[in-house]
file entry-v1.pdb (PDB, C-alpha atoms)
ATOM      1  CA  MET A   1      94.704  65.263 122.999
ATOM      2  CA  ASP A   2      92.402  62.805 121.309
ATOM      3  CA  THR A   3      93.332  60.941 118.138
ATOM      4  CA  GLN A   4      90.934  62.842 115.896
ATOM      5  CA  ALA A   5      92.269  66.263 117.008
ATOM      6  CA  LEU A   6      95.818  65.040 116.517
ATOM      7  CA  ALA A   7      94.971  63.791 113.022
ATOM      8  CA  LEU A   8      93.595  67.218 112.144
ATOM      9  CA  ALA A   9      96.494  69.140 113.701
ATOM     10  CA  LEU A  10      99.388  67.215 112.119
ATOM     11  CA  PRO A  11      98.796  68.379 108.528
ATOM     12  CA  LEU A  12      98.491  71.986 109.739
ATOM     13  CA  ILE A  13     101.738  71.716 111.698
ATOM     14  CA  GLY A  14     103.466  70.157 108.673
ATOM     15  CA  TRP A  15     102.133  72.883 106.371
ATOM     16  CA  ALA A  16     103.263  75.642 108.756
ATOM     17  CA  SER A  17     106.735  74.107 109.059
ATOM     18  CA  HIS A  18     107.057  73.712 105.308
ATOM     19  CA  THR A  19     105.917  77.321 104.738
ATOM     20  CA  ALA A  20     108.488  78.582 107.239
ATOM     21  CA  LEU A  21     111.228  76.569 105.521
ATOM     22  CA  LEU A  22     110.285  77.880 102.066
ATOM     23  CA  THR A  23     110.137  81.463 103.339
ATOM     24  CA  HIS A  24     113.613  81.055 104.844
ATOM     25  CA  ARG A  25     115.002  79.596 101.602
ATOM     26  CA  LEU A  26     113.483  82.424  99.562
ATOM     27  CA  ALA A  27     115.043  85.006 101.873
ATOM     28  CA  ILE A  28     118.446  83.325 101.524
ATOM     29  CA  ALA A  29     118.085  83.165  97.723
ATOM     30  CA  ARG A  30     117.519  86.933  97.620
ATOM     31  CA  ARG A  31     120.780  87.668  99.474
ATOM     32  CA  ASP A  32     124.273  87.171  98.116
ATOM     33  CA  PRO A  33     126.133  84.927 100.595
ATOM     34  CA  LEU A  34     129.499  86.690 100.178
ATOM     35  CA  THR A  35     128.426  90.319 100.388
ATOM     36  CA  GLY A  36     125.058  90.165 102.117
ATOM     37  CA  LEU A  37     123.610  92.413  99.409
ATOM     38  CA  ARG A  38     120.435  91.589  97.555
ATOM     39  CA  THR A  39     120.762  89.338  94.532
ATOM     40  CA  ARG A  40     119.538  90.378  91.101
ATOM     41  CA  ALA A  41     116.020  89.035  91.764
ATOM     42  CA  GLY A  42     115.714  90.611  95.192
ATOM     43  CA  TRP A  43     117.108  93.950  94.072
ATOM     44  CA  THR A  44     115.053  94.128  90.872
ATOM     45  CA  ALA A  45     111.703  93.730  92.630
ATOM     46  CA  LEU A  46     112.493  96.574  95.033
ATOM     47  CA  ALA A  47     114.103  98.794  92.394
ATOM     48  CA  GLU A  48     111.033  98.620  90.163
ATOM     49  CA  ARG A  49     108.921  99.790  93.100
ATOM     50  CA  VAL A  50     111.314 102.687  93.783
ATOM     51  CA  ILE A  51     111.150 103.805  90.139
ATOM     52  CA  ARG A  52     107.342 103.819  90.213
ATOM     53  CA  ARG A  53     107.199 105.863  93.429
ATOM     54  CA  HIS A  54     110.193 108.208  93.130
ATOM     55  CA  PRO A  55     110.627 110.113  89.856
ATOM     56  CA  ASP A  56     113.964 111.565  91.057
ATOM     57  CA  ALA A  57     115.508 108.114  91.548
ATOM     58  CA  VAL A  58     118.985 107.396  90.241
ATOM     59  CA  VAL A  59     120.199 103.951  89.142
ATOM     60  CA  LEU A  60     123.878 103.041  89.359
ATOM     61  CA  LEU A  61     125.818 100.182  87.832
ATOM     62  CA  LEU A  62     129.292  99.471  89.209
ATOM     63  CA  ASP A  63     132.084  97.212  88.048
ATOM     64  CA  LEU A  64     135.423  96.568  89.725
ATOM     65  CA  ASP A  65     138.202  97.427  87.282
ATOM     66  CA  ASP A  66     140.854  94.756  86.614
ATOM     67  CA  PHE A  67     139.243  92.371  89.090
ATOM     68  CA  LYS A  68     140.779  89.338  87.364
ATOM     69  CA  ASN A  69     144.210  90.896  87.834
ATOM     70  CA  LEU A  70     143.488  91.442  91.547
ATOM     71  CA  ASN A  71     142.489  87.783  91.922
ATOM     72  CA  ASP A  72     145.515  86.590  89.946
ATOM     73  CA  SER A  73     147.965  88.817  91.831
ATOM     74  CA  TYR A  74     146.718  88.489  95.403
ATOM     75  CA  GLY A  75     144.532  85.360  95.365
ATOM     76  CA  HIS A  76     140.826  84.682  95.369
ATOM     77  CA  ALA A  77     140.532  85.351  99.098
ATOM     78  CA  ALA A  78     141.740  88.901  98.435
ATOM     79  CA  GLY A  79     139.196  89.194  95.639
ATOM     80  CA  ASP A  80     136.458  88.077  98.017
ATOM     81  CA  VAL A  81     137.542  90.710 100.534
ATOM     82  CA  ALA A  82     137.499  93.364  97.795
ATOM     83  CA  LEU A  83     133.954  92.338  96.834
ATOM     84  CA  ALA A  84     132.775  92.366 100.460
ATOM     85  CA  VAL A  85     134.347  95.761 101.215
ATOM     86  CA  THR A  86     132.950  97.264  98.013
ATOM     87  CA  ALA A  87     129.520  95.963  99.025
ATOM     88  CA  GLU A  88     129.856  97.517 102.496
ATOM     89  CA  ARG A  89     130.868 100.866 101.042
ATOM     90  CA  LEU A  90     128.041 100.838  98.513
ATOM     91  CA  ALA A  91     125.464  99.856 101.141
ATOM     92  CA  ALA A  92     126.725 102.581 103.487
ATOM     93  CA  TRP A  93     126.430 105.159 100.703
ATOM     94  CA  CYS A  94     122.864 104.021  99.914
ATOM     95  CA  GLY A  95     121.884 104.230 103.558
ATOM     96  CA  ARG A  96     118.158 104.253 104.272
ATOM     97  CA  HIS A  97     117.363 106.008 100.995
ATOM     98  CA  GLY A  98     118.604 103.383  98.592
ATOM     99  CA  ILE A  99     119.087  99.715  97.860
ATOM    100  CA  ALA A 100     122.338  98.030  96.874
ATOM    101  CA  GLY A 101     122.675  94.684  95.140
ATOM    102  CA  ARG A 102     125.201  92.354  93.566
ATOM    103  CA  LEU A 103     124.400  91.232  90.062
ATOM    104  CA  GLY A 104     127.158  88.640  90.076
ATOM    105  CA  GLY A 105     130.912  88.461  89.667
ATOM    106  CA  ASP A 106     132.314  91.933  90.229
ATOM    107  CA  GLU A 107     129.170  93.820  89.171
ATOM    108  CA  PHE A 108     127.076  95.773  91.628
ATOM    109  CA  VAL A 109     123.934  97.830  91.272
ATOM    110  CA  ALA A 110     122.182 100.452  93.372
ATOM    111  CA  ILE A 111     119.152 102.659  93.300
ATOM    112  CA  ALA A 112     118.617 105.756  95.405
ATOM    113  CA  ARG A 113     115.313 107.580  95.804
ATOM    114  CA  GLN A 114     116.870 110.970  95.092
ATOM    115  CA  ALA A 115     119.966 112.049  93.217
ATOM    116  CA  PRO A 116     122.675 111.565  95.854
ATOM    117  CA  ASP A 117     126.241 112.811  95.894
ATOM    118  CA  VAL A 118     127.848 110.315  93.515
ATOM    119  CA  ASP A 119     131.271 111.943  94.042
ATOM    120  CA  SER A 120     131.247 110.785  97.675
ATOM    121  CA  LEU A 121     130.631 107.232  96.443
ATOM    122  CA  HIS A 122     133.582 107.504  94.050
ATOM    123  CA  ARG A 123     135.821 108.702  96.890
ATOM    124  CA  ALA A 124     134.734 105.859  99.171
ATOM    125  CA  LEU A 125     135.190 103.206  96.505
ATOM    126  CA  ARG A 126     138.683 104.412  95.531
ATOM    127  CA  GLN A 127     140.067 103.876  99.038
ATOM    128  CA  PRO A 128     142.591 101.018  99.193
ATOM    129  CA  ILE A 129     141.445  97.842 100.971
ATOM    130  CA  ALA A 130     143.427  96.366 103.849
ATOM    131  CA  TYR A 131     144.160  92.685 103.319
ATOM    132  CA  ALA A 132     146.821  90.469 104.944
ATOM    133  CA  GLY A 133     148.983  93.426 105.934
ATOM    134  CA  ARG A 134     148.764  94.974 102.476
ATOM    135  CA  ARG A 135     146.769  97.785 100.964
ATOM    136  CA  LEU A 136     145.061  96.526  97.849
ATOM    137  CA  PRO A 137     144.447  99.116  95.161
ATOM    138  CA  VAL A 138     140.820  99.195  94.070
ATOM    139  CA  SER A 139     139.265 100.964  91.143
ATOM    140  CA  VAL A 140     135.563 100.894  90.407
ATOM    141  CA  SER A 141     133.812 102.229  87.315
ATOM    142  CA  VAL A 142     130.402 103.709  88.035
ATOM    143  CA  GLY A 143     127.661 104.527  85.569
ATOM    144  CA  SER A 144     124.513 106.302  86.616
ATOM    145  CA  CYS A 145     121.147 107.154  85.145
ATOM    146  CA  HIS A 146     118.647 109.638  86.500
ATOM    147  CA  VAL A 147     115.254 108.077  85.900
ATOM    148  CA  LYS A 148     113.667 111.467  85.177
ATOM    149  CA  ASP A 149     115.942 111.796  82.108
ATOM    150  CA  LEU A 150     114.471 108.703  80.441
ATOM    151  CA  LEU A 151     111.751 108.873  77.825
ATOM    152  CA  VAL A 152     110.095 105.865  79.470
ATOM    153  CA  ARG A 153     110.628 105.337  83.192
ATOM    154  CA  SER A 154     111.602 101.682  83.337
ATOM    155  CA  LEU A 155     114.243  99.775  85.207
ATOM    156  CA  SER A 156     115.523  98.059  82.067
ATOM    157  CA  ASP A 157     116.043 101.407  80.301
ATOM    158  CA  ALA A 158     117.709 102.882  83.395
ATOM    159  CA  LEU A 159     120.080  99.907  83.658
ATOM    160  CA  ALA A 160     120.911 100.112  79.949
ATOM    161  CA  ALA A 161     121.732 103.828  80.267
ATOM    162  CA  ALA A 162     123.789 103.230  83.430
ATOM    163  CA  ASP A 163     125.618 100.397  81.629
ATOM    164  CA  CYS A 164     126.552 102.722  78.757
ATOM    165  CA  ALA A 165     127.702 105.381  81.218
ATOM    166  CA  MET A 166     129.768 102.818  83.136
ATOM    167  CA  TYR A 167     131.576 101.669  80.010
ATOM    168  CA  ALA A 168     132.134 105.276  79.001
ATOM    169  CA  ALA A 169     133.751 105.779  82.425
ATOM    170  CA  LYS A 170     135.965 102.766  81.717
ATOM    171  CA  GLY A 171     136.897 104.316  78.383
ATOM    172  CA  THR A 172     135.748 101.289  76.397
ATOM    173  CA  ALA A 173     133.033 100.704  73.842
ATOM    174  CA  GLY A 174     131.074  98.472  76.197
ATOM    175  CA  ARG A 175     129.981  94.900  76.215
ATOM    176  CA  ARG A 176     127.954  95.189  73.030
ATOM    177  CA  GLY A 177     130.581  97.107  71.100
ATOM    178  CA  THR A 178     128.616 100.343  70.931
ATOM    179  CA  ARG A 179     129.438 103.756  72.247
ATOM    180  CA  PRO A 180     126.893 105.428  74.512
ATOM    181  CA  LEU A 181     124.658 108.006  72.925
ATOM    182  CA  SER A 182     125.713 111.548  73.690
ATOM    183  CA  ARG A 183     123.173 113.691  75.497
TER
END
call {"tool": "encode", "arguments": {"input": "entry-v1.pdb", "output": "structure tokens"}}
result
Amino acid sequence: MDTQALALALPLIGWASHTALLTHRLAIARRDPLTGLRTRAGWTALAERVIRRHPDAVVLLLDLDDFKNLNDSYGHAAGDVALAVTAERLAAWCGRHGIAGRLGGDEFVAIARQAPDVDSLHRALRQPIAYAGRRLPVSVSVGSCHVKDLLVRSLSDALAAADCAMYAAKGTAGRRGTRPLSR
């Protein structure tokens, strides 16, 4: 290869390598390293698309109950296992017709294209988790919102409604100190 061709090719090779590296980093940033689920940013982009295309979509917000107590009683490794198993169960429930994500901490989110059997998700999530020869009790509060029930079909409104429903399931007033509106 002559010097001039090499001088022209090197910047292109560098650009291609840099693009591949950035694409890889972006893909990693959109996946939670512990659970393998999509992060908030990765999930949100896909969920907004689902809401636009599927009027029967349902949005779920999930929170592990007494997660701090689980960590304090059994250790952080047990808490990590509980998060990973919850993620597996949620992803299995979503299957090909939904998308699961981890918002952070012990909060998960999902969207399904059609109203699925939420009771089967509750049953799966209530199953104890095997860890170090023990069966860890797990309780998860789930709030859901059918997008078709909203006045304005938006992800932020669906998440707000699912958040209210989740805190109602917990039996608390919620993070903002308000009770959900009755429907």
call {"tool": "resolve_selection", "arguments": {"input": "entry-v1.pdb", "expression": "the PyMOL selection byres ((chain A and resi 169) around 12)", "output": "list in words"}}
result
Leu61, Leu62, Asp63, Leu64, Asp65, His122, Ser139, Val140, Ser141, Val142, Gly143, Ser144, Ala162, Asp163, Cys164, Ala165, Met166, Tyr167, Ala168, Lys170, Gly171, Thr172, Ala173, Gly174, Arg179 and Pro180 of chain A
call {"tool": "resolve_selection", "arguments": {"input": "entry-v1.pdb", "expression": "the PyMOL selection byres ((chain A and resi 79) around 10)", "output": "mmCIF file with C-alpha atoms, keeping the file's coordinate frame"}}
result
data_model
loop_
_atom_site.group_PDB
_atom_site.id
_atom_site.type_symbol
_atom_site.label_atom_id
_atom_site.label_comp_id
_atom_site.auth_asym_id
_atom_site.auth_seq_id
_atom_site.Cartn_x
_atom_site.Cartn_y
_atom_site.Cartn_z
ATOM 1 C CA PHE A 67 139.243 92.371 89.090
ATOM 2 C CA LYS A 68 140.779 89.338 87.364
ATOM 3 C CA ASN A 69 144.210 90.896 87.834
ATOM 4 C CA LEU A 70 143.488 91.442 91.547
ATOM 5 C CA ASN A 71 142.489 87.783 91.922
ATOM 6 C CA ASP A 72 145.515 86.590 89.946
ATOM 7 C CA SER A 73 147.965 88.817 91.831
ATOM 8 C CA TYR A 74 146.718 88.489 95.403
ATOM 9 C CA GLY A 75 144.532 85.360 95.365
ATOM 10 C CA HIS A 76 140.826 84.682 95.369
ATOM 11 C CA ALA A 77 140.532 85.351 99.098
ATOM 12 C CA ALA A 78 141.740 88.901 98.435
ATOM 13 C CA ASP A 80 136.458 88.077 98.017
ATOM 14 C CA VAL A 81 137.542 90.710 100.534
ATOM 15 C CA ALA A 82 137.499 93.364 97.795
ATOM 16 C CA LEU A 83 133.954 92.338 96.834
ATOM 17 C CA ALA A 84 132.775 92.366 100.460
ATOM 18 C CA VAL A 85 134.347 95.761 101.215
ATOM 19 C CA ASP A 106 132.314 91.933 90.229
ATOM 20 C CA TYR A 131 144.160 92.685 103.319
ATOM 21 C CA LEU A 136 145.061 96.526 97.849
#
call {"tool": "closest_residue", "arguments": {"input": "entry-v1.pdb", "among": "A:Leu150, A:Ala5, A:Ala110, A:Leu125", "to": "Val138 (chain A)", "atoms": "only C-alpha atoms"}}
result
A:Leu125
call {"tool": "atom_distance", "arguments": {"input": "entry-v1.pdb", "atom1": "CA of Arg38 (chain A)", "atom2": "CA of Ala160 (chain A)"}}
result
19.6 Å
call {"tool": "residues_around", "arguments": {"input": "entry-v1.pdb", "residues": "Val109 (chain A)", "least_positions_apart": "4", "cutoff": "7 Å", "atoms": "all atoms listed in the file", "output": "ChimeraX atom specification"}}
result
/A:60-62,100-103
call {"tool": "residues_around", "arguments": {"input": "entry-v1.pdb", "residues": "Arg96 (chain A)", "least_positions_apart": "3", "cutoff": "10 Å", "atoms": "all atoms listed in the file", "output": "list in words"}}
result
Ala91, Ala92, Trp93, Ile99, Ala112 and Arg113 of chain A
call {"tool": "atom_distance", "arguments": {"input": "entry-v1.pdb", "atom1": "CA of Gln114 (chain A)", "atom2": "CA of Ala41 (chain A)"}}
result
22.2 Å
call {"tool": "atom_distance", "arguments": {"input": "entry-v1.pdb", "atom1": "CA of Val59 (chain A)", "atom2": "CA of Ala87 (chain A)"}}
result
15.8 Å
call {"tool": "closest_residue", "arguments": {"input": "entry-v1.pdb", "among": "A:His146, A:Arg40, A:Arg153, A:Arg126", "to": "Glu107 (chain A)", "atoms": "only C-alpha atoms"}}
result
A:Arg40
call {"tool": "closest_residue", "arguments": {"input": "entry-v1.pdb", "among": "A:Ala161, A:His97, A:Val152, A:Ala124", "to": "Ala47 (chain A)", "atoms": "only C-alpha atoms"}}
result
A:His97
call {"tool": "residues_around", "arguments": {"input": "entry-v1.pdb", "residues": "Pro137 (chain A)", "least_positions_apart": "5", "cutoff": "8 Å", "atoms": "all atoms listed in the file", "output": "ChimeraX atom specification"}}
result
/A:126-129
call {"tool": "closest_residue", "arguments": {"input": "entry-v1.pdb", "among": "A:Gly104, A:Cys94, A:Ile51, A:Leu155", "to": "Arg31 (chain A)", "atoms": "all atoms listed in the file"}}
result
A:Gly104
call {"tool": "closest_residue", "arguments": {"input": "entry-v1.pdb", "among": "A:Lys148, A:Val118, A:Trp43, A:Asp32", "to": "Pro55 (chain A)", "atoms": "all atoms listed in the file"}}
result
A:Lys148
call {"tool": "decode", "arguments": {"input": "entry-v1.pdb", "residues": "region 46-57 of chain A", "atoms": "all heavy atoms", "output": "short mmCIF file (atom, residue, chain, number, x, y, z; two decimals), in the first residue's frame"}}
result
data_model
loop_
_atom_site.label_atom_id
_atom_site.label_comp_id
_atom_site.auth_asym_id
_atom_site.auth_seq_id
_atom_site.Cartn_x
_atom_site.Cartn_y
_atom_site.Cartn_z
N LEU A 46 -38.02 3.00 24.38
CA LEU A 46 -38.84 1.94 23.81
C LEU A 46 -40.28 2.02 24.28
O LEU A 46 -41.21 1.78 23.51
CB LEU A 46 -38.24 0.58 24.16
CG LEU A 46 -36.88 0.29 23.51
CD1 LEU A 46 -36.28 -0.98 24.08
CD2 LEU A 46 -37.01 0.20 22.01
N ALA A 47 -40.48 2.36 25.55
CA ALA A 47 -41.84 2.43 26.10
C ALA A 47 -42.65 3.53 25.41
O ALA A 47 -43.84 3.34 25.15
CB ALA A 47 -41.78 2.67 27.61
N GLU A 48 -42.04 4.65 25.13
CA GLU A 48 -42.76 5.72 24.43
C GLU A 48 -43.21 5.25 23.05
O GLU A 48 -44.32 5.56 22.61
CB GLU A 48 -41.89 6.97 24.34
CG GLU A 48 -41.77 7.68 25.67
CD GLU A 48 -40.82 8.86 25.66
OE1 GLU A 48 -39.99 8.97 24.72
OE2 GLU A 48 -40.90 9.66 26.59
N ARG A 49 -42.39 4.47 22.39
CA ARG A 49 -42.76 3.93 21.08
C ARG A 49 -43.93 2.95 21.21
O ARG A 49 -44.86 2.97 20.40
CB ARG A 49 -41.55 3.24 20.46
CG ARG A 49 -41.74 2.89 19.01
CD ARG A 49 -40.50 2.32 18.36
NE ARG A 49 -39.28 2.94 18.83
CZ ARG A 49 -38.13 2.30 18.98
NH1 ARG A 49 -38.03 1.03 18.67
NH2 ARG A 49 -37.06 2.92 19.42
N VAL A 50 -43.90 2.11 22.24
CA VAL A 50 -44.99 1.15 22.46
C VAL A 50 -46.31 1.89 22.70
O VAL A 50 -47.35 1.52 22.15
CB VAL A 50 -44.67 0.19 23.63
CG1 VAL A 50 -45.89 -0.64 24.01
CG2 VAL A 50 -43.50 -0.72 23.27
N ILE A 51 -46.27 2.94 23.50
CA ILE A 51 -47.49 3.70 23.80
C ILE A 51 -48.08 4.33 22.53
O ILE A 51 -49.29 4.33 22.34
CB ILE A 51 -47.22 4.77 24.88
CG1 ILE A 51 -47.11 4.07 26.24
CG2 ILE A 51 -48.31 5.83 24.91
CD1 ILE A 51 -46.77 4.98 27.38
N ARG A 52 -47.21 4.83 21.66
CA ARG A 52 -47.70 5.43 20.41
C ARG A 52 -48.36 4.39 19.50
O ARG A 52 -49.34 4.67 18.84
CB ARG A 52 -46.55 6.10 19.66
CG ARG A 52 -46.18 7.46 20.18
CD ARG A 52 -45.25 8.20 19.23
NE ARG A 52 -44.07 7.45 18.82
CZ ARG A 52 -42.91 7.43 19.47
NH1 ARG A 52 -42.78 8.11 20.59
NH2 ARG A 52 -41.89 6.75 19.02
N ARG A 53 -47.82 3.18 19.50
CA ARG A 53 -48.28 2.16 18.54
C ARG A 53 -49.34 1.21 19.07
O ARG A 53 -50.03 0.57 18.29
CB ARG A 53 -47.08 1.33 18.08
CG ARG A 53 -46.09 2.12 17.28
CD ARG A 53 -44.94 1.25 16.85
NE ARG A 53 -43.96 2.04 16.11
CZ ARG A 53 -42.78 1.60 15.76
NH1 ARG A 53 -42.42 0.37 16.07
NH2 ARG A 53 -41.95 2.37 15.09
N HIS A 54 -49.46 1.10 20.39
CA HIS A 54 -50.36 0.09 20.97
C HIS A 54 -51.28 0.74 22.02
O HIS A 54 -50.90 0.88 23.18
CB HIS A 54 -49.56 -1.04 21.61
CG HIS A 54 -48.64 -1.73 20.64
ND1 HIS A 54 -49.08 -2.69 19.77
CD2 HIS A 54 -47.33 -1.57 20.39
CE1 HIS A 54 -48.07 -3.10 19.02
NE2 HIS A 54 -46.99 -2.43 19.37
N PRO A 55 -52.49 1.09 21.64
CA PRO A 55 -53.40 1.77 22.56
C PRO A 55 -53.83 0.89 23.75
O PRO A 55 -54.28 1.42 24.76
CB PRO A 55 -54.60 2.14 21.69
CG PRO A 55 -54.49 1.31 20.48
CD PRO A 55 -53.06 0.94 20.30
N ASP A 56 -53.68 -0.42 23.65
CA ASP A 56 -54.05 -1.31 24.75
C ASP A 56 -52.88 -1.60 25.69
O ASP A 56 -52.97 -2.50 26.54
CB ASP A 56 -54.59 -2.64 24.21
CG ASP A 56 -55.95 -2.47 23.57
OD1 ASP A 56 -56.65 -1.51 23.93
OD2 ASP A 56 -56.31 -3.29 22.71
N ALA A 57 -51.79 -0.86 25.56
CA ALA A 57 -50.61 -1.11 26.38
C ALA A 57 -50.92 -0.89 27.86
O ALA A 57 -51.80 -0.12 28.23
CB ALA A 57 -49.46 -0.20 25.95
#
